[in-house]
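Chemist: For reference, the file protein_36.cif (mmCIF, C-alpha atoms) is included below:
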data_input
#
loop_
_atom_site.label_atom_id
_atom_site.label_comp_id
_atom_site.auth_asym_id
_atom_site.auth_seq_id
_atom_site.Cartn_x
_atom_site.Cartn_y
_atom_site.Cartn_z
CA MET A 1 -9.70 -18.85 6.93
CA SER A 2 -12.68 -20.01 8.96
CA GLY A 3 -11.33 -18.31 12.04
CA LEU A 4 -10.79 -14.95 10.40
CA PHE A 5 -14.12 -13.56 11.46
CA HIS A 6 -13.90 -14.74 15.04
CA PHE A 7 -13.36 -12.00 17.61
CA GLY A 8 -11.90 -12.09 21.06
CA GLY A 9 -8.15 -12.21 20.53
CA ASP A 10 -5.48 -9.59 20.03
CA MET A 11 -6.27 -7.67 16.86
CA GLU A 12 -4.55 -4.53 18.05
CA LEU A 13 -3.48 -1.95 15.48
CA ASN A 14 -1.76 1.41 15.90
CA PHE A 15 -4.27 4.05 14.83
CA SER A 16 -2.32 6.90 16.45
CA ARG A 17 0.10 7.71 13.64
CA GLN A 18 -2.44 8.80 11.02
CA THR A 19 -5.13 10.59 13.04
CA GLY A 20 -7.11 7.47 13.80
CA LEU A 21 -6.48 5.66 10.53
CA VAL A 22 -4.33 2.85 9.18
CA THR A 23 -3.37 2.36 5.54
CA ALA A 24 -5.03 -0.59 3.80
CA VAL A 25 -3.42 -2.01 0.66
CA ILE A 26 -5.73 -4.21 -1.41
CA GLN A 27 -4.11 -7.02 -3.40
CA ASP A 28 -5.90 -9.40 -5.77
CA HIS A 29 -5.68 -12.78 -4.06
CA LYS A 30 -5.05 -14.66 -7.31
CA THR A 31 -2.98 -12.37 -9.51
CA ASN A 32 -1.24 -10.47 -6.66
CA ARG A 33 -1.94 -7.22 -8.50
CA ILE A 34 -2.36 -4.18 -6.24
CA LEU A 35 -5.87 -2.91 -6.83
CA MET A 36 -6.10 0.14 -4.57
CA VAL A 37 -4.99 1.81 -1.36
CA GLY A 38 -7.53 3.06 1.18
CA PHE A 39 -7.75 3.93 4.86
CA MET A 40 -9.54 2.33 7.78
CA ASN A 41 -10.44 3.57 11.21
CA GLU A 42 -10.98 1.00 13.96
CA GLU A 43 -14.68 0.60 13.14
CA ALA A 44 -13.97 0.08 9.43
CA PHE A 45 -11.38 -2.56 10.31
CA ARG A 46 -13.75 -4.38 12.67
CA ARG A 47 -16.53 -4.35 10.10
CA THR A 48 -14.16 -5.61 7.43
CA VAL A 49 -13.20 -8.53 9.67
CA ALA A 50 -16.76 -9.19 10.83
CA THR A 51 -18.46 -9.03 7.42
CA GLY A 52 -15.69 -10.23 5.10
CA ALA A 53 -16.37 -7.24 2.80
CA VAL A 54 -13.67 -4.57 2.68
CA THR A 55 -14.93 -1.42 4.41
CA PHE A 56 -12.89 1.79 4.34
CA TYR A 57 -13.12 5.10 6.08
CA SER A 58 -13.61 7.79 3.45
CA ARG A 59 -11.48 10.80 4.32
CA SER A 60 -13.31 13.03 1.82
CA ARG A 61 -16.81 12.06 3.00
CA ASN A 62 -15.83 11.46 6.66
CA LYS A 63 -17.78 8.25 6.96
CA LEU A 64 -17.56 4.49 6.63
CA TRP A 65 -17.55 3.29 3.06
CA VAL A 66 -18.33 -0.29 2.12
CA LYS A 67 -16.33 -0.65 -1.09
CA GLY A 68 -18.80 -1.47 -3.87
CA GLU A 69 -21.90 -0.22 -2.05
CA THR A 70 -22.79 1.84 -5.16
CA SER A 71 -21.12 -0.09 -7.96
CA GLY A 72 -21.50 -3.62 -6.64
CA HIS A 73 -17.74 -4.01 -7.11
CA ARG A 74 -17.17 -5.41 -3.65
CA LEU A 75 -13.92 -6.77 -2.27
CA LEU A 76 -14.24 -10.08 -0.44
CA VAL A 77 -11.56 -10.67 2.16
CA LYS A 78 -9.31 -13.70 1.75
CA GLU A 79 -6.40 -12.86 4.04
CA ILE A 80 -5.33 -9.95 6.25
CA SER A 81 -1.76 -9.15 7.31
CA THR A 82 -0.28 -6.25 9.24
CA ASP A 83 3.18 -4.76 9.22
CA CYS A 84 5.87 -4.40 11.86
CA ASP A 85 4.45 -1.06 13.05
CA ARG A 86 0.85 -2.28 13.00
CA ASP A 87 -0.19 0.87 11.17
CA ALA A 88 -0.71 -0.69 7.74
CA LEU A 89 -2.81 -3.61 6.51
CA LEU A 90 -2.32 -5.83 3.51
CA ILE A 91 -5.63 -7.38 2.47
CA LYS A 92 -5.77 -10.11 -0.13
CA ALA A 93 -9.23 -10.01 -1.65
CA MET A 94 -11.44 -11.31 -4.42
CA ALA A 95 -12.69 -8.35 -6.47
CA LEU A 96 -16.27 -8.63 -7.73
CA GLY A 97 -16.98 -6.90 -11.02
CA PRO A 98 -14.76 -5.65 -13.84
CA GLY A 99 -12.65 -3.19 -11.85
CA VAL A 100 -12.18 -1.52 -8.47
CA CYS A 101 -11.31 1.96 -9.74
CA HIS A 102 -14.15 4.47 -10.02
CA LYS A 103 -12.48 5.77 -13.18
CA GLY A 104 -13.22 2.47 -14.96
CA TYR A 105 -10.01 0.51 -14.55
CA GLU A 106 -9.26 -2.88 -13.03
CA SER A 107 -6.79 -1.24 -10.63
CA CYS A 108 -6.50 2.34 -9.43
CA PHE A 109 -2.81 2.12 -10.39
CA TYR A 110 -3.40 2.44 -14.13
CA ARG A 111 -0.80 5.18 -14.70
CA ARG A 112 2.89 4.45 -14.98
CA LEU A 113 5.82 6.83 -14.95
CA GLU A 114 7.49 6.97 -18.36
CA ASN A 115 9.96 9.64 -19.44
CA GLY A 116 9.00 11.84 -16.51
CA ARG A 117 5.25 11.67 -17.18
CA TRP A 118 2.31 9.66 -15.91
CA VAL A 119 1.04 7.60 -18.82
CA GLU A 120 -2.16 5.52 -18.89
CA ALA A 121 -0.73 2.06 -19.23
CA GLU A 122 -3.89 0.05 -19.81
CA GLN A 123 -7.44 0.07 -21.16
CA ARG A 124 -10.58 0.68 -19.16
CA THR A 125 -12.48 -2.46 -18.21
CA TYR A 126 -15.87 -0.75 -17.86
CA ASP A 127 -17.61 2.57 -18.47
CA PRO A 128 -17.80 4.45 -15.15
CA ASP A 129 -20.70 6.61 -16.39
CA GLU A 130 -22.84 3.48 -16.72
CA VAL A 131 -22.02 2.34 -13.19
CA TYR A 132 -21.82 5.57 -11.22
CA GLY A 133 -23.76 7.96 -13.45
CA SER A 134 -22.17 11.01 -15.02
CA ASN A 135 -21.01 12.42 -11.66
CA ALA A 136 -18.18 9.93 -11.36
CA MET B 137 12.83 1.78 -18.14
CA SER B 138 15.62 3.99 -19.47
CA GLY B 139 13.33 7.02 -19.45
CA LEU B 140 12.26 6.63 -15.86
CA PHE B 141 14.94 8.91 -14.51
CA HIS B 142 14.42 11.66 -17.04
CA PHE B 143 12.82 14.84 -15.70
CA GLY B 144 10.90 17.57 -17.40
CA GLY B 145 7.41 16.14 -17.89
CA ASP B 146 4.29 15.95 -15.79
CA MET B 147 5.13 13.98 -12.66
CA GLU B 148 2.52 15.76 -10.57
CA LEU B 149 1.29 14.10 -7.39
CA ASN B 150 -1.23 15.28 -4.81
CA PHE B 151 0.70 15.85 -1.60
CA SER B 152 -2.10 17.86 0.03
CA ARG B 153 -4.17 15.02 1.47
CA GLN B 154 -1.57 13.67 3.90
CA THR B 155 0.24 16.77 5.15
CA GLY B 156 2.77 16.84 2.34
CA LEU B 157 3.13 13.09 1.92
CA VAL B 158 1.99 10.34 -0.41
CA THR B 159 1.77 6.66 0.46
CA ALA B 160 4.36 4.43 -1.24
CA VAL B 161 3.65 0.70 -1.52
CA ILE B 162 6.73 -1.39 -2.32
CA GLN B 163 6.20 -4.57 -4.31
CA ASP B 164 8.86 -7.13 -5.22
CA HIS B 165 9.18 -6.87 -8.99
CA LYS B 166 9.57 -10.61 -9.48
CA THR B 167 7.38 -12.27 -6.86
CA ASN B 168 4.80 -9.45 -6.59
CA ARG B 169 4.98 -9.77 -2.81
CA ILE B 170 4.28 -6.55 -0.90
CA LEU B 171 7.42 -5.78 1.05
CA MET B 172 6.55 -2.60 2.94
CA VAL B 173 4.57 0.63 2.98
CA GLY B 174 6.26 3.98 3.51
CA PHE B 175 5.69 7.67 2.84
CA MET B 176 7.33 10.16 0.51
CA ASN B 177 7.32 13.93 0.40
CA GLU B 178 8.03 15.61 -2.92
CA GLU B 179 11.78 15.64 -2.35
CA ALA B 180 11.83 11.93 -1.47
CA PHE B 181 9.85 11.15 -4.61
CA ARG B 182 12.16 13.20 -6.81
CA ARG B 183 15.25 11.58 -5.30
CA THR B 184 13.70 8.14 -5.76
CA VAL B 185 13.13 8.89 -9.44
CA ALA B 186 16.51 10.55 -9.93
CA THR B 187 18.65 7.97 -8.15
CA GLY B 188 16.66 4.76 -8.74
CA ALA B 189 16.97 3.91 -5.02
CA VAL B 190 13.75 4.11 -3.01
CA THR B 191 13.92 7.10 -0.65
CA PHE B 192 11.21 7.67 1.93
CA TYR B 193 10.33 10.50 4.26
CA SER B 194 10.58 9.21 7.82
CA ARG B 195 7.66 10.53 9.86
CA SER B 196 9.28 9.51 13.15
CA ARG B 197 12.66 11.08 12.36
CA ASN B 198 11.30 13.94 10.21
CA LYS B 199 13.90 13.53 7.50
CA LEU B 200 14.64 11.84 4.21
CA TRP B 201 15.51 8.20 4.56
CA VAL B 202 17.26 6.25 1.83
CA LYS B 203 15.95 2.75 2.46
CA GLY B 204 18.96 0.54 3.22
CA GLU B 205 21.32 3.37 4.14
CA THR B 206 22.18 1.52 7.39
CA SER B 207 21.49 -2.10 6.50
CA GLY B 208 22.50 -2.07 2.85
CA HIS B 209 19.08 -3.56 2.08
CA ARG B 210 18.33 -1.06 -0.66
CA LEU B 211 15.33 -1.08 -2.95
CA LEU B 212 16.16 -0.54 -6.63
CA VAL B 213 13.29 0.94 -8.64
CA LYS B 214 11.95 -1.06 -11.56
CA GLU B 215 8.59 0.61 -12.19
CA ILE B 216 6.50 3.39 -10.62
CA SER B 217 2.72 3.75 -10.90
CA THR B 218 0.29 6.17 -9.30
CA ASP B 219 -3.38 5.84 -8.49
CA CYS B 220 -6.47 7.71 -9.64
CA ASP B 221 -6.11 10.31 -6.90
CA ARG B 222 -2.36 10.71 -7.40
CA ASP B 223 -1.82 10.42 -3.66
CA ALA B 224 -0.39 6.91 -3.61
CA LEU B 225 2.51 5.26 -5.40
CA LEU B 226 3.07 1.64 -6.29
CA ILE B 227 6.78 0.94 -6.74
CA LYS B 228 8.01 -2.34 -8.14
CA ALA B 229 11.52 -2.84 -6.89
CA MET B 230 14.41 -5.25 -6.59
CA ALA B 231 15.21 -5.74 -2.91
CA LEU B 232 18.90 -6.10 -2.07
CA GLY B 233 19.69 -8.29 0.93
CA PRO B 234 17.73 -10.92 2.83
CA GLY B 235 14.80 -8.75 3.89
CA VAL B 236 13.39 -5.23 3.98
CA CYS B 237 11.92 -5.34 7.49
CA HIS B 238 14.07 -4.00 10.31
CA LYS B 239 12.68 -6.81 12.49
CA GLY B 240 14.47 -9.41 10.36
CA TYR B 241 11.80 -10.52 7.90
CA GLU B 242 11.65 -10.54 4.11
CA SER B 243 8.51 -8.38 4.23
CA CYS B 244 7.17 -6.09 6.93
CA PHE B 245 3.84 -7.92 6.53
CA TYR B 246 4.94 -11.03 8.41
CA ARG B 247 1.88 -11.22 10.70
CA ARG B 248 -1.43 -12.64 9.54
CA LEU B 249 -4.82 -12.47 11.20
CA GLU B 250 -5.88 -15.91 12.42
CA ASN B 251 -8.73 -16.51 14.86
CA GLY B 252 -8.82 -12.85 15.81
CA ARG B 253 -5.07 -12.63 16.55
CA TRP B 254 -1.98 -11.47 14.71
CA VAL B 255 0.20 -14.53 14.22
CA GLU B 256 3.76 -14.55 12.91
CA ALA B 257 3.30 -16.45 9.67
CA GLU B 258 6.90 -16.91 8.60
CA GLN B 259 10.49 -17.26 9.74
CA ARG B 260 13.06 -14.47 10.01
CA THR B 261 15.47 -14.28 7.09
CA TYR B 262 18.24 -12.54 9.05
CA ASP B 263 19.22 -11.47 12.55
CA PRO B 264 18.40 -7.77 12.94
CA ASP B 265 20.86 -7.40 15.85
CA GLU B 266 23.71 -8.30 13.51
CA VAL B 267 22.63 -5.72 10.93
CA TYR B 268 21.34 -2.83 13.02
CA GLY B 269 22.98 -3.50 16.40
CA SER B 270 20.96 -4.21 19.49
CA ASN B 271 18.96 -0.96 19.22
CA ALA B 272 16.82 -2.31 16.37
#
So that I can check it, write out the structure of this file as structure tokens.
Modeler:
Amino acid sequence: MSGLFHFGGDMELNFSRQTGLVTAVIQDHKTNRILMVGFMNEEAFRRTVATGAVTFYSRSRNKLWVKGETSGHRLLVKEISTDCDRDALLIKAMALGPGVCHKGYESCFYRRLENGRWVEAEQRTYDPDEVYGSNA
Amino acid sequence: MSGLFHFGGDMELNFSRQTGLVTAVIQDHKTNRILMVGFMNEEAFRRTVATGAVTFYSRSRNKLWVKGETSGHRLLVKEISTDCDRDALLIKAMALGPGVCHKGYESCFYRRLENGRWVEAEQRTYDPDEVYGSNA
């Protein structure tokens, strides 16, 4: 992976299909669990590649968002793939901290469909109030 | 999973953040490989749950799209999860056929970033011309 952070080649993506954004799926590089889904604009993608720390574009705050900048739960890039349309990224990452979800779970996908309802299928791994304060 | 296709409960999703769509990440239920990313509107989601065959909303064709309706490479639902914002789905599925990607690969994520370039990181598993005709 030494060359991952080296610019100059063809890193083209198609940002036109989602108003300047591509979808970024984050997968734990060891367990292959899906941890979260976010969005990147071109600057977020370039910073992710350049720094090795996953950086999203926050649609609600309209700005770049280094994942873990508040919580310390950063995502360190191990491998990046793109799909046939070049409008989605799959990023294998090492997750720092007990969980990526701001609600206190290891993965944002902590609810499973059972009998027509979303059911919490696992325990919290940390207390979000302690990490984010009571505004989380 | 017998209850998965039973309606009546709280299956609410947030379709408001992506103009009526949610993101749907498809993961192989045995290998945990990510096979593709698509989008669903509410009708596509309900049909996916009701039929057990992954059904997307095609943004380019503006219509429902039963994955595999042309190729036979259907995706059979094994488990559905949603994320903290309820605007993304993670669907574990059994993939029928040699690959889900219309370009002839097992996964749509067949290109990896190496030295600042997207590089095809694996071999095709089938000839798309034979499955889709030469318009693929």
Chemist: Would you list the contacts of Leu13 of chain A as an mmCIF file with C-alpha atoms, in the frame of the given file, taking every protein, DNA or RNA residue within 8 Å and counting only C-alpha atoms, but skipping same-chain residues closer than 6 positions in sequence?
Modeler:
data_model
loop_
_atom_site.group_PDB
_atom_site.id
_atom_site.type_symbol
_atom_site.label_atom_id
_atom_site.label_comp_id
_atom_site.auth_asym_id
_atom_site.auth_seq_id
_atom_site.Cartn_x
_atom_site.Cartn_y
_atom_site.Cartn_z
ATOM 1 C CA VAL A 22 -4.330 2.850 9.180
ATOM 2 C CA ARG A 86 0.850 -2.280 13.000
ATOM 3 C CA ASP A 87 -0.190 0.870 11.170
#
Chemist: On this structure, which residues satisfy the PyMOL selection byres ((chain A) within 9 of (chain B)), written as a PDB file with C-alpha atoms, in the coordinates of the input?
Modeler:
ATOM      1  CA  MET A   1      -9.700 -18.850   6.930  1.00  0.00           C
ATOM      2  CA  SER A   2     -12.680 -20.010   8.960  1.00  0.00           C
ATOM      3  CA  GLY A   3     -11.330 -18.310  12.040  1.00  0.00           C
ATOM      4  CA  LEU A   4     -10.790 -14.950  10.400  1.00  0.00           C
ATOM      5  CA  PHE A   5     -14.120 -13.560  11.460  1.00  0.00           C
ATOM      6  CA  HIS A   6     -13.900 -14.740  15.040  1.00  0.00           C
ATOM      7  CA  PHE A   7     -13.360 -12.000  17.610  1.00  0.00           C
ATOM      8  CA  GLY A   8     -11.900 -12.090  21.060  1.00  0.00           C
ATOM      9  CA  GLY A   9      -8.150 -12.210  20.530  1.00  0.00           C
ATOM     10  CA  ASP A  10      -5.480  -9.590  20.030  1.00  0.00           C
ATOM     11  CA  MET A  11      -6.270  -7.670  16.860  1.00  0.00           C
ATOM     12  CA  GLU A  12      -4.550  -4.530  18.050  1.00  0.00           C
ATOM     13  CA  ARG A  17       0.100   7.710  13.640  1.00  0.00           C
ATOM     14  CA  GLN A  18      -2.440   8.800  11.020  1.00  0.00           C
ATOM     15  CA  THR A  23      -3.370   2.360   5.540  1.00  0.00           C
ATOM     16  CA  VAL A  25      -3.420  -2.010   0.660  1.00  0.00           C
ATOM     17  CA  GLN A  27      -4.110  -7.020  -3.400  1.00  0.00           C
ATOM     18  CA  THR A  31      -2.980 -12.370  -9.510  1.00  0.00           C
ATOM     19  CA  ASN A  32      -1.240 -10.470  -6.660  1.00  0.00           C
ATOM     20  CA  ARG A  33      -1.940  -7.220  -8.500  1.00  0.00           C
ATOM     21  CA  ILE A  34      -2.360  -4.180  -6.240  1.00  0.00           C
ATOM     22  CA  MET A  36      -6.100   0.140  -4.570  1.00  0.00           C
ATOM     23  CA  VAL A  37      -4.990   1.810  -1.360  1.00  0.00           C
ATOM     24  CA  VAL A  49     -13.200  -8.530   9.670  1.00  0.00           C
ATOM     25  CA  ARG A  59     -11.480  10.800   4.320  1.00  0.00           C
ATOM     26  CA  GLU A  79      -6.400 -12.860   4.040  1.00  0.00           C
ATOM     27  CA  ILE A  80      -5.330  -9.950   6.250  1.00  0.00           C
ATOM     28  CA  SER A  81      -1.760  -9.150   7.310  1.00  0.00           C
ATOM     29  CA  THR A  82      -0.280  -6.250   9.240  1.00  0.00           C
ATOM     30  CA  ASP A  83       3.180  -4.760   9.220  1.00  0.00           C
ATOM     31  CA  CYS A  84       5.870  -4.400  11.860  1.00  0.00           C
ATOM     32  CA  ASP A  85       4.450  -1.060  13.050  1.00  0.00           C
ATOM     33  CA  ALA A  88      -0.710  -0.690   7.740  1.00  0.00           C
ATOM     34  CA  LEU A  89      -2.810  -3.610   6.510  1.00  0.00           C
ATOM     35  CA  LEU A  90      -2.320  -5.830   3.510  1.00  0.00           C
ATOM     36  CA  CYS A 101     -11.310   1.960  -9.740  1.00  0.00           C
ATOM     37  CA  HIS A 102     -14.150   4.470 -10.020  1.00  0.00           C
ATOM     38  CA  LYS A 103     -12.480   5.770 -13.180  1.00  0.00           C
ATOM     39  CA  SER A 107      -6.790  -1.240 -10.630  1.00  0.00           C
ATOM     40  CA  CYS A 108      -6.500   2.340  -9.430  1.00  0.00           C
ATOM     41  CA  PHE A 109      -2.810   2.120 -10.390  1.00  0.00           C
ATOM     42  CA  TYR A 110      -3.400   2.440 -14.130  1.00  0.00           C
ATOM     43  CA  ARG A 111      -0.800   5.180 -14.700  1.00  0.00           C
ATOM     44  CA  ARG A 112       2.890   4.450 -14.980  1.00  0.00           C
ATOM     45  CA  LEU A 113       5.820   6.830 -14.950  1.00  0.00           C
ATOM     46  CA  GLU A 114       7.490   6.970 -18.360  1.00  0.00           C
ATOM     47  CA  ASN A 115       9.960   9.640 -19.440  1.00  0.00           C
ATOM     48  CA  GLY A 116       9.000  11.840 -16.510  1.00  0.00           C
ATOM     49  CA  ARG A 117       5.250  11.670 -17.180  1.00  0.00           C
ATOM     50  CA  TRP A 118       2.310   9.660 -15.910  1.00  0.00           C
ATOM     51  CA  VAL A 119       1.040   7.600 -18.820  1.00  0.00           C
TER      52      VAL A 119
END
Chemist: Fit chain A to chain B: least squares, all C-alpha atoms, paired in order; write the output as a compact mmCIF listing (two decimals) with C-alpha atoms, in the coordinates of the input.
Modeler:
# COMPACT_ATOMS: atom_id res chain seq x y z
CA MET A 1 12.73 1.87 -18.22
CA SER A 2 15.54 4.01 -19.60
CA GLY A 3 13.34 7.07 -19.51
CA LEU A 4 12.27 6.66 -15.91
CA PHE A 5 14.95 8.92 -14.55
CA HIS A 6 14.44 11.67 -17.08
CA PHE A 7 12.85 14.84 -15.73
CA GLY A 8 10.92 17.56 -17.42
CA GLY A 9 7.44 16.13 -17.92
CA ASP A 10 4.34 15.97 -15.79
CA MET A 11 5.14 13.99 -12.66
CA GLU A 12 2.54 15.76 -10.58
CA LEU A 13 1.30 14.11 -7.40
CA ASN A 14 -1.22 15.27 -4.81
CA PHE A 15 0.71 15.85 -1.60
CA SER A 16 -2.11 17.86 0.01
CA ARG A 17 -4.17 15.03 1.47
CA GLN A 18 -1.58 13.67 3.92
CA THR A 19 0.23 16.78 5.16
CA GLY A 20 2.76 16.84 2.36
CA LEU A 21 3.13 13.09 1.93
CA VAL A 22 1.97 10.34 -0.41
CA THR A 23 1.76 6.65 0.45
CA ALA A 24 4.34 4.43 -1.25
CA VAL A 25 3.65 0.70 -1.53
CA ILE A 26 6.73 -1.39 -2.31
CA GLN A 27 6.18 -4.58 -4.31
CA ASP A 28 8.86 -7.13 -5.22
CA HIS A 29 9.19 -6.85 -8.99
CA LYS A 30 9.57 -10.61 -9.48
CA THR A 31 7.39 -12.28 -6.87
CA ASN A 32 4.80 -9.45 -6.58
CA ARG A 33 4.98 -9.78 -2.80
CA ILE A 34 4.28 -6.55 -0.89
CA LEU A 35 7.43 -5.78 1.05
CA MET A 36 6.54 -2.60 2.94
CA VAL A 37 4.56 0.63 2.98
CA GLY A 38 6.27 3.98 3.50
CA PHE A 39 5.68 7.66 2.85
CA MET A 40 7.31 10.16 0.52
CA ASN A 41 7.31 13.92 0.41
CA GLU A 42 8.01 15.61 -2.92
CA GLU A 43 11.78 15.62 -2.36
CA ALA A 44 11.82 11.92 -1.46
CA PHE A 45 9.84 11.14 -4.61
CA ARG A 46 12.17 13.20 -6.81
CA ARG A 47 15.24 11.56 -5.31
CA THR A 48 13.71 8.13 -5.76
CA VAL A 49 13.14 8.88 -9.44
CA ALA A 50 16.51 10.55 -9.93
CA THR A 51 18.65 7.94 -8.14
CA GLY A 52 16.67 4.75 -8.74
CA ALA A 53 16.96 3.91 -5.02
CA VAL A 54 13.75 4.10 -2.99
CA THR A 55 13.92 7.09 -0.64
CA PHE A 56 11.20 7.68 1.95
CA TYR A 57 10.33 10.49 4.28
CA SER A 58 10.57 9.19 7.84
CA ARG A 59 7.67 10.54 9.86
CA SER A 60 9.28 9.52 13.17
CA ARG A 61 12.67 11.09 12.38
CA ASN A 62 11.29 13.94 10.22
CA LYS A 63 13.88 13.54 7.52
CA LEU A 64 14.64 11.84 4.22
CA TRP A 65 15.50 8.19 4.57
CA VAL A 66 17.26 6.25 1.84
CA LYS A 67 15.96 2.74 2.48
CA GLY A 68 18.97 0.54 3.25
CA GLU A 69 21.34 3.38 4.15
CA THR A 70 22.19 1.53 7.40
CA SER A 71 21.51 -2.09 6.51
CA GLY A 72 22.52 -2.07 2.86
CA HIS A 73 19.09 -3.54 2.09
CA ARG A 74 18.33 -1.06 -0.65
CA LEU A 75 15.33 -1.09 -2.96
CA LEU A 76 16.14 -0.54 -6.62
CA VAL A 77 13.30 0.94 -8.63
CA LYS A 78 11.95 -1.06 -11.56
CA GLU A 79 8.59 0.60 -12.19
CA ILE A 80 6.50 3.37 -10.62
CA SER A 81 2.72 3.75 -10.90
CA THR A 82 0.29 6.17 -9.29
CA ASP A 83 -3.37 5.84 -8.50
CA CYS A 84 -6.46 7.70 -9.67
CA ASP A 85 -6.11 10.31 -6.90
CA ARG A 86 -2.36 10.70 -7.40
CA ASP A 87 -1.83 10.43 -3.66
CA ALA A 88 -0.40 6.90 -3.61
CA LEU A 89 2.51 5.26 -5.41
CA LEU A 90 3.07 1.64 -6.29
CA ILE A 91 6.78 0.95 -6.74
CA LYS A 92 7.99 -2.33 -8.14
CA ALA A 93 11.53 -2.83 -6.88
CA MET A 94 14.40 -5.25 -6.59
CA ALA A 95 15.21 -5.74 -2.90
CA LEU A 96 18.91 -6.11 -2.07
CA GLY A 97 19.70 -8.29 0.92
CA PRO A 98 17.73 -10.92 2.82
CA GLY A 99 14.79 -8.76 3.90
CA VAL A 100 13.39 -5.23 3.98
CA CYS A 101 11.92 -5.34 7.49
CA HIS A 102 14.07 -4.01 10.32
CA LYS A 103 12.67 -6.80 12.49
CA GLY A 104 14.46 -9.41 10.35
CA TYR A 105 11.80 -10.52 7.90
CA GLU A 106 11.66 -10.54 4.11
CA SER A 107 8.51 -8.39 4.23
CA CYS A 108 7.17 -6.10 6.93
CA PHE A 109 3.85 -7.94 6.52
CA TYR A 110 4.94 -11.05 8.41
CA ARG A 111 1.88 -11.22 10.69
CA ARG A 112 -1.42 -12.63 9.55
CA LEU A 113 -4.81 -12.46 11.21
CA GLU A 114 -5.89 -15.89 12.43
CA ASN A 115 -8.73 -16.52 14.87
CA GLY A 116 -8.81 -12.85 15.84
CA ARG A 117 -5.08 -12.61 16.56
CA TRP A 118 -1.98 -11.47 14.71
CA VAL A 119 0.20 -14.52 14.22
CA GLU A 120 3.78 -14.55 12.89
CA ALA A 121 3.31 -16.44 9.68
CA GLU A 122 6.91 -16.91 8.60
CA GLN A 123 10.52 -17.26 9.73
CA ARG A 124 13.05 -14.48 9.99
CA THR A 125 15.48 -14.28 7.08
CA TYR A 126 18.25 -12.53 9.03
CA ASP A 127 19.21 -11.47 12.55
CA PRO A 128 18.40 -7.76 12.95
CA ASP A 129 20.85 -7.40 15.86
CA GLU A 130 23.71 -8.30 13.51
CA VAL A 131 22.63 -5.72 10.94
CA TYR A 132 21.34 -2.84 13.03
CA GLY A 133 22.97 -3.53 16.39
CA SER A 134 20.96 -4.24 19.52
CA ASN A 135 18.97 -0.99 19.26
CA ALA A 136 16.82 -2.29 16.43
Chemist: For this structure, which residues satisfy the selection - the PyMOL selection byres ((chain A and resi 40) around 10) - when it is evaluated on the file as given? I want them as JSON, numbers by chain.
Modeler: {"A": [15, 20, 21, 22, 23, 24, 38, 39, 41, 42, 43, 44, 45, 46, 47, 48, 54, 55, 56, 57, 58, 59, 64, 65, 88, 89]}
Chemist: Next, write the just-selected residues to a file, as a JSON list (two decimals), keeping the file's coordinate frame, keeping C-alpha atoms as the atom set.
Modeler:
[["chain", "number", "residue", "atom", "x", "y", "z"],
["A", 15, "PHE", "CA", -4.27, 4.05, 14.83],
["A", 20, "GLY", "CA", -7.11, 7.47, 13.80],
["A", 21, "LEU", "CA", -6.48, 5.66, 10.53],
["A", 22, "VAL", "CA", -4.33, 2.85, 9.18],
["A", 23, "THR", "CA", -3.37, 2.36, 5.54],
["A", 24, "ALA", "CA", -5.03, -0.59, 3.80],
["A", 38, "GLY", "CA", -7.53, 3.06, 1.18],
["A", 39, "PHE", "CA", -7.75, 3.93, 4.86],
["A", 41, "ASN", "CA", -10.44, 3.57, 11.21],
["A", 42, "GLU", "CA", -10.98, 1.00, 13.96],
["A", 43, "GLU", "CA", -14.68, 0.60, 13.14],
["A", 44, "ALA", "CA", -13.97, 0.08, 9.43],
["A", 45, "PHE", "CA", -11.38, -2.56, 10.31],
["A", 46, "ARG", "CA", -13.75, -4.38, 12.67],
["A", 47, "ARG", "CA", -16.53, -4.35, 10.10],
["A", 48, "THR", "CA", -14.16, -5.61, 7.43],
["A", 54, "VAL", "CA", -13.67, -4.57, 2.68],
["A", 55, "THR", "CA", -14.93, -1.42, 4.41],
["A", 56, "PHE", "CA", -12.89, 1.79, 4.34],
["A", 57, "TYR", "CA", -13.12, 5.10, 6.08],
["A", 58, "SER", "CA", -13.61, 7.79, 3.45],
["A", 59, "ARG", "CA", -11.48, 10.80, 4.32],
["A", 64, "LEU", "CA", -17.56, 4.49, 6.63],
["A", 65, "TRP", "CA", -17.55, 3.29, 3.06],
["A", 88, "ALA", "CA", -0.71, -0.69, 7.74],
["A", 89, "LEU", "CA", -2.81, -3.61, 6.51]]
Chemist: May I ask which of the residues A:Ala50, A:Ala93, A:Val100, A:Ile26 is the closest one to Val77 of chain A, counting only C-alpha atoms?
Modeler: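 Closest to Val77 of chain A, using only C-alpha atoms: A:Ala93.
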Chemist: The PyMOL selection byres ((chain A and resi 68) around 12) - which residues does that actually catch in the file I just gave you? List them as an MDAnalysis selection string.
Modeler: chainID A and resid 53:56 65:67 69:76 95:102 131:132
Chemist: Hey, can you spit out that residue selection with C-alpha atoms as a short mmCIF file (atom, residue, chain, number, x, y, z; two decimals), in the frame of the given file?
Modeler:
data_model
loop_
_atom_site.label_atom_id
_atom_site.label_comp_id
_atom_site.auth_asym_id
_atom_site.auth_seq_id
_atom_site.Cartn_x
_atom_site.Cartn_y
_atom_site.Cartn_z
CA ALA A 53 -16.37 -7.24 2.80
CA VAL A 54 -13.67 -4.57 2.68
CA THR A 55 -14.93 -1.42 4.41
CA PHE A 56 -12.89 1.79 4.34
CA TRP A 65 -17.55 3.29 3.06
CA VAL A 66 -18.33 -0.29 2.12
CA LYS A 67 -16.33 -0.65 -1.09
CA GLU A 69 -21.90 -0.22 -2.05
CA THR A 70 -22.79 1.84 -5.16
CA SER A 71 -21.12 -0.09 -7.96
CA GLY A 72 -21.50 -3.62 -6.64
CA HIS A 73 -17.74 -4.01 -7.11
CA ARG A 74 -17.17 -5.41 -3.65
CA LEU A 75 -13.92 -6.77 -2.27
CA LEU A 76 -14.24 -10.08 -0.44
CA ALA A 95 -12.69 -8.35 -6.47
CA LEU A 96 -16.27 -8.63 -7.73
CA GLY A 97 -16.98 -6.90 -11.02
CA PRO A 98 -14.76 -5.65 -13.84
CA GLY A 99 -12.65 -3.19 -11.85
CA VAL A 100 -12.18 -1.52 -8.47
CA CYS A 101 -11.31 1.96 -9.74
CA HIS A 102 -14.15 4.47 -10.02
CA VAL A 131 -22.02 2.34 -13.19
CA TYR A 132 -21.82 5.57 -11.22
#
